[in-house]
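**Q** Let me begin by handing over the structure; questions about it come next.
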Amino acid sequence: MFGEVNFTETERREVGAALQKMLGPDQLCFREAASFRGDGKSKIIAYLNTDKAIDLANQVFGMHGWSSSIKSIGLDTLEQVGESKWIAGCSAIVRIQLKDGTYHEDVGYGVSDGVSKLLALECAKKMAASDAFKRALRMFGNFLGNSAYSDAHVEQVLRAKMSSTTPTTTGKS
C-alpha cells in the first residue's frame, strides 16, 4: 500500500544524493518582484515552474514514488472592482507524500483578477495550490526548489544564465 513501501538502501542513497544537488540555469526561472522592505526597490527572485517541479520530483523519487494532495483550499477575499473586474485571494495547503509515508505540507497563496467572478476564483485557487505544492516540495531538499532560496546560489545561476544568453561576435562582418 502506498505510504508503507520502504525505499531500498540503493534508492535511499540515490534520492539523498539527488536532493543535495543545486538547481541550475535550465531549471530556475527569474522574475522581478517588489521588495517587502518598503524601500520601493524591486528584487530579482528565482522560482521553479510547477511543470518543472513535477518533472524533477519524478526524476528524484520515480513516477510512482510520490504523490500530492490538496488538504484544504479556501477563499480569503473576493471583491468586485468597478463593473467588470473581480479580485480573488485564496490559500491552500498541499501535502507531498513519498511511498514510504514521509511527507511535508505547506501553505500557498494566490491572488487573481478577472473579468468574471468565476475566472478570478479559478485562477486564484490554481495559483494557491501551485504555490503550496512547490513550497511543500522544496522541503525535501535543494534539487526540489530549496536552493532557489539561497541568495548566493541564485546570483551564481543568474550570472551563468545571463552570460549564456549574451550574444557573441564571430569576427565576421
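Ligands are numbered from 1 in the order shown, chains are lettered A, B, ... in the order of the C-alpha cells, and residues start at 1 in each chain.
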Neighbouring residues of Phe7 of chain A were defined as those with any atom within 8 Å, considering only C-alpha atoms; residues of the same chain fewer than 5 positions away were excluded. Please report them as an mmCIF file with all heavy atoms, in the first residue's frame.
**A**
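Full text of out.cif as output:
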```cif
data_model
loop_
_atom_site.group_PDB
_atom_site.id
_atom_site.type_symbol
_atom_site.label_atom_id
_atom_site.label_comp_id
_atom_site.auth_asym_id
_atom_site.auth_seq_id
_atom_site.Cartn_x
_atom_site.Cartn_y
_atom_site.Cartn_z
ATOM 1 N N ARG A 12 17.548 4.917 -1.388
ATOM 2 C CA ARG A 12 17.758 5.916 -0.341
ATOM 3 C C ARG A 12 19.019 6.739 -0.621
ATOM 4 O O ARG A 12 19.012 7.963 -0.513
ATOM 5 C CB ARG A 12 17.847 5.236 1.022
ATOM 6 C CG ARG A 12 17.770 6.176 2.194
ATOM 7 C CD ARG A 12 17.852 5.462 3.539
ATOM 8 N NE ARG A 12 17.061 4.263 3.669
ATOM 9 C CZ ARG A 12 15.738 4.233 3.898
ATOM 10 N NH1 ARG A 12 15.077 5.356 3.997
ATOM 11 N NH2 ARG A 12 15.104 3.096 4.007
ATOM 12 N N LYS A 99 6.525 7.343 -1.068
ATOM 13 C CA LYS A 99 5.989 5.981 -0.988
ATOM 14 C C LYS A 99 6.197 5.338 0.377
ATOM 15 O O LYS A 99 5.464 4.439 0.755
ATOM 16 C CB LYS A 99 6.569 5.107 -2.098
ATOM 17 C CG LYS A 99 8.044 4.774 -1.954
ATOM 18 C CD LYS A 99 8.508 3.913 -3.105
ATOM 19 C CE LYS A 99 9.950 3.479 -2.959
ATOM 20 N NZ LYS A 99 10.358 2.602 -4.057
ATOM 21 N N ASP A 100 7.182 5.842 1.152
ATOM 22 C CA ASP A 100 7.434 5.273 2.476
ATOM 23 C C ASP A 100 6.642 5.967 3.582
ATOM 24 O O ASP A 100 6.776 5.620 4.757
ATOM 25 C CB ASP A 100 8.932 5.289 2.800
ATOM 26 C CG ASP A 100 9.494 6.689 3.000
ATOM 27 O OD1 ASP A 100 8.778 7.674 2.747
ATOM 28 O OD2 ASP A 100 10.672 6.786 3.414
#
```
**Q** Using only C-alpha atoms, which protein or nucleic acid residues come within 8 Å of Ala46 of chain A? Drop anything in the same chain fewer than 3 positions from it, and give the result as a list in words.
**A**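 Surrounding residues, per the criterion: Leu28, Cys29, Phe30, Arg31, Ala148, Tyr149 and Val154 of chain A.
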**Q** Please, what distance in Å, to one decimal, runs between atom CA of Ser112 of chain A and atom CA of Ala124 of chain A?
**A**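 Separation between atom CA of Ser112 of chain A and atom CA of Ala124 of chain A: 5.0 Å.
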**Q** Let me make sure I understand: among A:Ser69, A:Arg138, A:Gly82, A:Val5, which one has the smallest atom-to-atom distance to Gln97 of chain A if we use only C-alpha atoms?
**A**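 Ranked by minimum distance to Gln97 of chain A, first place goes to A:Ser69.
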**Q** List as number ranges by chain the protein and nucleic acid residues near segment 60-66 of chain A, meaning an atom at most 12 Å away when only C-alpha atoms are counted, but skip any in the same chain fewer than 3 places from it.
**A** A: 1-8, 11-21, 53-57, 69, 95-104, 137, 140-144
**Q** Write out, as a compact mmCIF listing (two decimals), in the first residue's frame, the residues just selected, with N, CA and C atoms.
**A**
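Produced file selection_1.txt, reproduced below:
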```
# COMPACT_ATOMS: atom_id res chain seq x y z
N MET A 1 0.84 -1.17 0.00
CA MET A 1 0.00 0.00 0.00
C MET A 1 0.90 1.25 0.00
N PHE A 2 0.50 2.27 -0.79
CA PHE A 2 1.28 3.49 -0.88
C PHE A 2 1.39 4.14 0.49
N GLY A 3 2.57 4.65 0.80
CA GLY A 3 2.83 5.25 2.10
C GLY A 3 3.43 4.27 3.08
N GLU A 4 3.50 3.00 2.67
CA GLU A 4 4.06 1.96 3.53
C GLU A 4 5.14 1.15 2.82
N VAL A 5 5.63 1.65 1.68
CA VAL A 5 6.63 0.95 0.90
C VAL A 5 8.00 1.58 1.16
N ASN A 6 8.90 0.82 1.75
CA ASN A 6 10.22 1.36 2.07
C ASN A 6 11.07 1.54 0.83
N PHE A 7 11.91 2.56 0.87
CA PHE A 7 12.92 2.73 -0.17
C PHE A 7 14.01 1.70 0.09
N THR A 8 14.55 1.12 -0.98
CA THR A 8 15.69 0.23 -0.80
C THR A 8 16.89 1.07 -0.39
N GLU A 11 18.03 3.01 -3.37
CA GLU A 11 17.14 4.15 -3.65
C GLU A 11 17.38 5.27 -2.65
N ARG A 12 17.55 4.92 -1.39
CA ARG A 12 17.76 5.92 -0.34
C ARG A 12 19.02 6.74 -0.62
N ARG A 13 20.10 6.06 -1.00
CA ARG A 13 21.35 6.76 -1.33
C ARG A 13 21.18 7.64 -2.56
N GLU A 14 20.53 7.11 -3.61
CA GLU A 14 20.34 7.87 -4.85
C GLU A 14 19.44 9.09 -4.62
N VAL A 15 18.37 8.92 -3.86
CA VAL A 15 17.46 10.03 -3.57
C VAL A 15 18.20 11.09 -2.74
N GLY A 16 18.93 10.65 -1.72
CA GLY A 16 19.69 11.58 -0.89
C GLY A 16 20.70 12.39 -1.69
N ALA A 17 21.41 11.71 -2.59
CA ALA A 17 22.40 12.41 -3.43
C ALA A 17 21.71 13.39 -4.38
N ALA A 18 20.60 12.99 -4.96
CA ALA A 18 19.88 13.86 -5.90
C ALA A 18 19.35 15.10 -5.20
N LEU A 19 18.82 14.94 -3.99
CA LEU A 19 18.24 16.07 -3.27
C LEU A 19 19.28 17.10 -2.83
N GLN A 20 20.53 16.69 -2.73
CA GLN A 20 21.60 17.61 -2.33
C GLN A 20 22.08 18.49 -3.49
N LYS A 21 21.78 18.09 -4.72
CA LYS A 21 22.20 18.88 -5.88
C LYS A 21 21.49 20.24 -5.85
N ALA A 53 8.89 21.36 -11.55
CA ALA A 53 8.93 20.75 -10.22
C ALA A 53 8.40 19.31 -10.27
N ILE A 54 7.35 19.09 -11.03
CA ILE A 54 6.80 17.73 -11.18
C ILE A 54 7.82 16.83 -11.88
N ASP A 55 8.43 17.33 -12.95
CA ASP A 55 9.46 16.55 -13.66
C ASP A 55 10.61 16.18 -12.72
N LEU A 56 11.06 17.14 -11.91
CA LEU A 56 12.18 16.87 -11.01
C LEU A 56 11.79 15.88 -9.92
N ALA A 57 10.55 15.98 -9.39
CA ALA A 57 10.09 15.02 -8.39
C ALA A 57 10.03 13.61 -8.99
N SER A 69 -1.43 15.91 -2.61
CA SER A 69 -2.85 16.06 -2.36
C SER A 69 -3.12 17.43 -1.76
N ARG A 95 -0.04 18.59 0.56
CA ARG A 95 0.86 17.57 1.12
C ARG A 95 1.55 16.83 -0.01
N ILE A 96 2.86 16.69 0.11
CA ILE A 96 3.65 15.83 -0.76
C ILE A 96 4.06 14.63 0.08
N GLN A 97 3.67 13.43 -0.36
CA GLN A 97 3.97 12.22 0.40
C GLN A 97 4.79 11.27 -0.45
N LEU A 98 5.80 10.67 0.16
CA LEU A 98 6.62 9.68 -0.51
C LEU A 98 6.06 8.29 -0.28
N LYS A 99 6.52 7.34 -1.07
CA LYS A 99 5.99 5.98 -0.99
C LYS A 99 6.20 5.34 0.38
N ASP A 100 7.18 5.84 1.15
CA ASP A 100 7.43 5.27 2.48
C ASP A 100 6.64 5.97 3.58
N GLY A 101 5.82 6.95 3.22
CA GLY A 101 4.99 7.64 4.21
C GLY A 101 5.54 8.99 4.64
N THR A 102 6.80 9.27 4.35
CA THR A 102 7.36 10.58 4.67
C THR A 102 6.58 11.65 3.92
N TYR A 103 6.27 12.75 4.61
CA TYR A 103 5.54 13.82 3.91
C TYR A 103 5.93 15.19 4.45
N HIS A 104 5.66 16.19 3.63
CA HIS A 104 5.77 17.59 4.01
C HIS A 104 4.53 18.29 3.50
N LEU A 137 7.17 20.81 -1.67
CA LEU A 137 8.20 20.02 -2.35
C LEU A 137 9.60 20.49 -2.00
N PHE A 140 11.93 18.97 0.77
CA PHE A 140 12.68 17.73 0.62
C PHE A 140 14.15 17.98 0.30
N GLY A 141 14.48 19.15 -0.25
CA GLY A 141 15.89 19.42 -0.49
C GLY A 141 16.16 20.44 -1.58
N ASN A 142 17.44 20.70 -1.76
CA ASN A 142 17.91 21.72 -2.71
C ASN A 142 17.40 21.51 -4.12
N PHE A 143 17.43 20.27 -4.61
CA PHE A 143 17.11 19.99 -6.00
C PHE A 143 15.63 20.13 -6.31
N LEU A 144 14.80 20.17 -5.27
CA LEU A 144 13.35 20.31 -5.49
C LEU A 144 12.87 21.71 -5.12
```
**Q** Please report, as an NGL selection string, each residue of segment 43-173 of chain A to which DSSP assigns helix (DSSP H, G or I) when run on this structure's backbone.
**A** :A and (50-61 or 117-138 or 142-144 or 146-149 or 151-165)
**Q** If we count only C-alpha atoms, what is near Cys90 of chain A at a cut-off of 6 Å, once residues fewer than 2 positions away on the same chain are taken out, given as a list in words?
**A**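 Final neighbour list, sorted by chain and number: Gly74, Leu75, Asp76, Tyr109, Gly110, Ala124 and Lys125 of chain A.
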**Q** Emit the selected residues as a PDB file, in the first residue's frame, including all heavy atoms.
**A**
```pdb
ATOM      1  N   GLY A  74      -9.070  27.509   0.470  1.00  0.00           N
ATOM      2  CA  GLY A  74     -10.099  28.408   0.970  1.00  0.00           C
ATOM      3  C   GLY A  74     -10.052  29.773   0.324  1.00  0.00           C
ATOM      4  O   GLY A  74      -9.010  30.215  -0.164  1.00  0.00           O
ATOM      5  N   LEU A  75     -11.180  30.419   0.340  1.00  0.00           N
ATOM      6  CA  LEU A  75     -11.318  31.765  -0.191  1.00  0.00           C
ATOM      7  C   LEU A  75     -11.082  32.745   0.943  1.00  0.00           C
ATOM      8  O   LEU A  75     -11.758  32.703   1.972  1.00  0.00           O
ATOM      9  CB  LEU A  75     -12.717  31.958  -0.782  1.00  0.00           C
ATOM     10  CG  LEU A  75     -13.059  33.351  -1.301  1.00  0.00           C
ATOM     11  CD1 LEU A  75     -12.149  33.723  -2.479  1.00  0.00           C
ATOM     12  CD2 LEU A  75     -14.527  33.406  -1.705  1.00  0.00           C
ATOM     13  N   ASP A  76     -10.085  33.622   0.768  1.00  0.00           N
ATOM     14  CA  ASP A  76      -9.777  34.619   1.786  1.00  0.00           C
ATOM     15  C   ASP A  76     -10.413  35.963   1.482  1.00  0.00           C
ATOM     16  O   ASP A  76     -10.794  36.691   2.388  1.00  0.00           O
ATOM     17  CB  ASP A  76      -8.256  34.786   1.924  1.00  0.00           C
ATOM     18  CG  ASP A  76      -7.587  33.512   2.408  1.00  0.00           C
ATOM     19  OD1 ASP A  76      -8.209  32.780   3.187  1.00  0.00           O
ATOM     20  OD2 ASP A  76      -6.448  33.248   1.999  1.00  0.00           O
ATOM     21  N   TYR A 109      -0.398  30.746  -1.485  1.00  0.00           N
ATOM     22  CA  TYR A 109      -1.387  31.800  -1.654  1.00  0.00           C
ATOM     23  C   TYR A 109      -1.460  32.214  -3.113  1.00  0.00           C
ATOM     24  O   TYR A 109      -0.451  32.216  -3.820  1.00  0.00           O
ATOM     25  CB  TYR A 109      -1.051  33.023  -0.780  1.00  0.00           C
ATOM     26  CG  TYR A 109      -2.239  33.900  -0.562  1.00  0.00           C
ATOM     27  CD1 TYR A 109      -3.219  33.536   0.346  1.00  0.00           C
ATOM     28  CD2 TYR A 109      -2.417  35.068  -1.280  1.00  0.00           C
ATOM     29  CE1 TYR A 109      -4.354  34.323   0.532  1.00  0.00           C
ATOM     30  CE2 TYR A 109      -3.534  35.864  -1.096  1.00  0.00           C
ATOM     31  CZ  TYR A 109      -4.504  35.479  -0.189  1.00  0.00           C
ATOM     32  OH  TYR A 109      -5.619  36.250  -0.007  1.00  0.00           O
ATOM     33  N   GLY A 110      -2.644  32.562  -3.554  1.00  0.00           N
ATOM     34  CA  GLY A 110      -2.844  33.032  -4.922  1.00  0.00           C
ATOM     35  C   GLY A 110      -3.814  34.190  -4.964  1.00  0.00           C
ATOM     36  O   GLY A 110      -4.831  34.180  -4.266  1.00  0.00           O
ATOM     37  N   ALA A 124      -7.144  32.125  -8.877  1.00  0.00           N
ATOM     38  CA  ALA A 124      -6.596  32.271  -7.527  1.00  0.00           C
ATOM     39  C   ALA A 124      -6.428  30.914  -6.852  1.00  0.00           C
ATOM     40  O   ALA A 124      -5.418  30.670  -6.174  1.00  0.00           O
ATOM     41  CB  ALA A 124      -7.484  33.185  -6.690  1.00  0.00           C
ATOM     42  N   LYS A 125      -7.406  30.026  -7.035  1.00  0.00           N
ATOM     43  CA  LYS A 125      -7.297  28.685  -6.438  1.00  0.00           C
ATOM     44  C   LYS A 125      -6.149  27.892  -7.056  1.00  0.00           C
ATOM     45  O   LYS A 125      -5.395  27.216  -6.351  1.00  0.00           O
ATOM     46  CB  LYS A 125      -8.619  27.919  -6.586  1.00  0.00           C
ATOM     47  CG  LYS A 125      -9.691  28.409  -5.646  1.00  0.00           C
ATOM     48  CD  LYS A 125     -10.972  27.594  -5.793  1.00  0.00           C
ATOM     49  CE  LYS A 125     -12.015  28.064  -4.804  1.00  0.00           C
ATOM     50  NZ  LYS A 125     -13.211  27.220  -4.837  1.00  0.00           N
TER      51      LYS A 125
END
```
**Q** Kindly give the distance, in Å, that separates atom CA of Ala92 of chain A and atom CA of Ala33 of chain A, rounded to a single decimal.
**A**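 Computed distance, atom CA of Ala92 of chain A to atom CA of Ala33 of chain A, equals 21.7 Å.
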**Q** Can you work out which one of A:Gln59, A:Ser116, A:Ala132, A:Asp39 has the shortest atom-to-atom distance to Val94 of chain A, counting only C-alpha atoms?
**A**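 Checking each of A:Gln59, A:Ser116, A:Ala132, A:Asp39 against Val94 of chain A, counting only C-alpha atoms, the winner is A:Ala132.
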**Q** Quick one: residues within 8 Å of Val111 of chain A, only C-alpha atoms, excluding same-chain residues fewer than 3 positions away - as number ranges by chain?
**A** A: 87-90, 123-124, 127-128
**Q** In Å, rounded to a single decimal, give me how far atom CA of Ala129 of chain A is from atom CA of Thr50 of chain A.
**A** 10.2 Å
**Q** With a distance cut-off of 12 Å and only C-alpha atoms, select the neighbouring residues of Glu83 of chain A, excluding the residue or stretch itself and same-chain residues fewer than 4 positions from it, and output the selection as a short mmCIF file (atom, residue, chain, number, x, y, z; two decimals) with C-alpha atoms, in the first residue's frame.
**A**
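Output file result_2.cif follows:
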```cif
data_model
loop_
_atom_site.label_atom_id
_atom_site.label_comp_id
_atom_site.auth_asym_id
_atom_site.auth_seq_id
_atom_site.Cartn_x
_atom_site.Cartn_y
_atom_site.Cartn_z
CA GLU A 79 -14.08 41.80 -4.24
CA GLY A 114 -10.64 38.51 -13.80
CA VAL A 115 -13.48 39.84 -15.89
CA SER A 116 -15.80 37.46 -14.07
CA LYS A 117 -16.11 36.20 -10.54
#
```
**Q** Looking at A:Arg37, A:Arg159, A:Lys71, A:His153, which one is nearest to Leu23 of chain A, with distances taken over only C-alpha atoms?
**A**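 Once distances to Leu23 of chain A are computed over only C-alpha atoms, the minimum belongs to A:His153.
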**Q** Give me the residues within 12 Å of Asp151 of chain A as a ChimeraX atom specification, counting only C-alpha atoms and dropping any in the same chain fewer than 4 places off.
**A** /A:43-46,146-147,155-158
